[in-house]
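Enquirer: Here it is, the structure in full.
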Amino acid sequence: MGKAMRKMLITASVLAFAAGGAIAQAQTPPAADGPANRPVNTPDSVNRQSGLPVKGSNSFTEGQAKSRIEAMGFTNVSALTKDDDGVWRGHATKAGKTVDVGLDYQGNVVQGASAMPGSTMPVSPTPGSAGR
């Protein structure tokens, strides 16, 4: 086999390999726009679970947590502290009663025993909350 023939075979092999790589890349599915389970829920979220705050890294500031809790109809939100599970926990008033409240990293607002570990208040998911 002559030198020119080897060079032509090598060039053809390289071109075939490069074209095969381009085809393989074109067949790779695109990345999703976002997760199906959104990190911050809204009232119309499909991934809702009532009653319990979700453990996770919470990026809400204390002021944002208070505002989200107040947006769910609570007043006099006080004593908010973020626990080791990333849940903002405190006290608030709703319907004339003082209740324990919690806000998780997804924006779920809960009240009652699940909002404050060790509480004896009954568990009650907040109607219309951005709960899971």
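A note on labels: chains of the structure tokens are A, B, ... as shown, every chain counts residues from 1, and ligands are counted from 1 in their shown order.
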Can you tell me, as an MDAnalysis selection string, what residues are no more than 9 Å from A:Ser57 when counting only C-alpha atoms, ignoring any on the same chain fewer than 4 positions away?
Expert: chainID A and resid 85:87 104:105
Enquirer: Need to verify the contact set: stretch 90-97 of chain A, 10 Å, only C-alpha atoms, exclusion of same-chain residues closer than 6 positions in sequence. Can you return it as a list in words?
Expert: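 So, after excluding close chain neighbours, the residues are Lys66, Ile69, Glu70, Met72, Gly73, Phe74, Thr75, Asn76, Val77, Ser78, Ala79, Leu80, Thr81, Lys82, Leu103, Gln111, Gly112, Ala115 and Met116 of chain A.
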Enquirer: Mind giving me the straight-line distance from atom CA of A:Pro53 to atom CA of A:Asn108 in Å, one decimal?
Expert: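 That distance, rounded to one decimal, is 6.4 Å.
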Enquirer: In Å, rounded to a single decimal, give me how far atom CA of A:Ser59 is from atom CA of A:Thr98.
Expert: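 Between atom CA of A:Thr98 and atom CA of A:Ser59 the gap works out to 26.1 Å.
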Enquirer: Using only C-alpha atoms, pick whichever of A:Asp84, A:Ala4, A:Phe60, A:Ile10 has the shortest atom-to-atom distance to A:Gln106.
Expert: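 For A:Gln106, the nearest of the candidates is A:Phe60.
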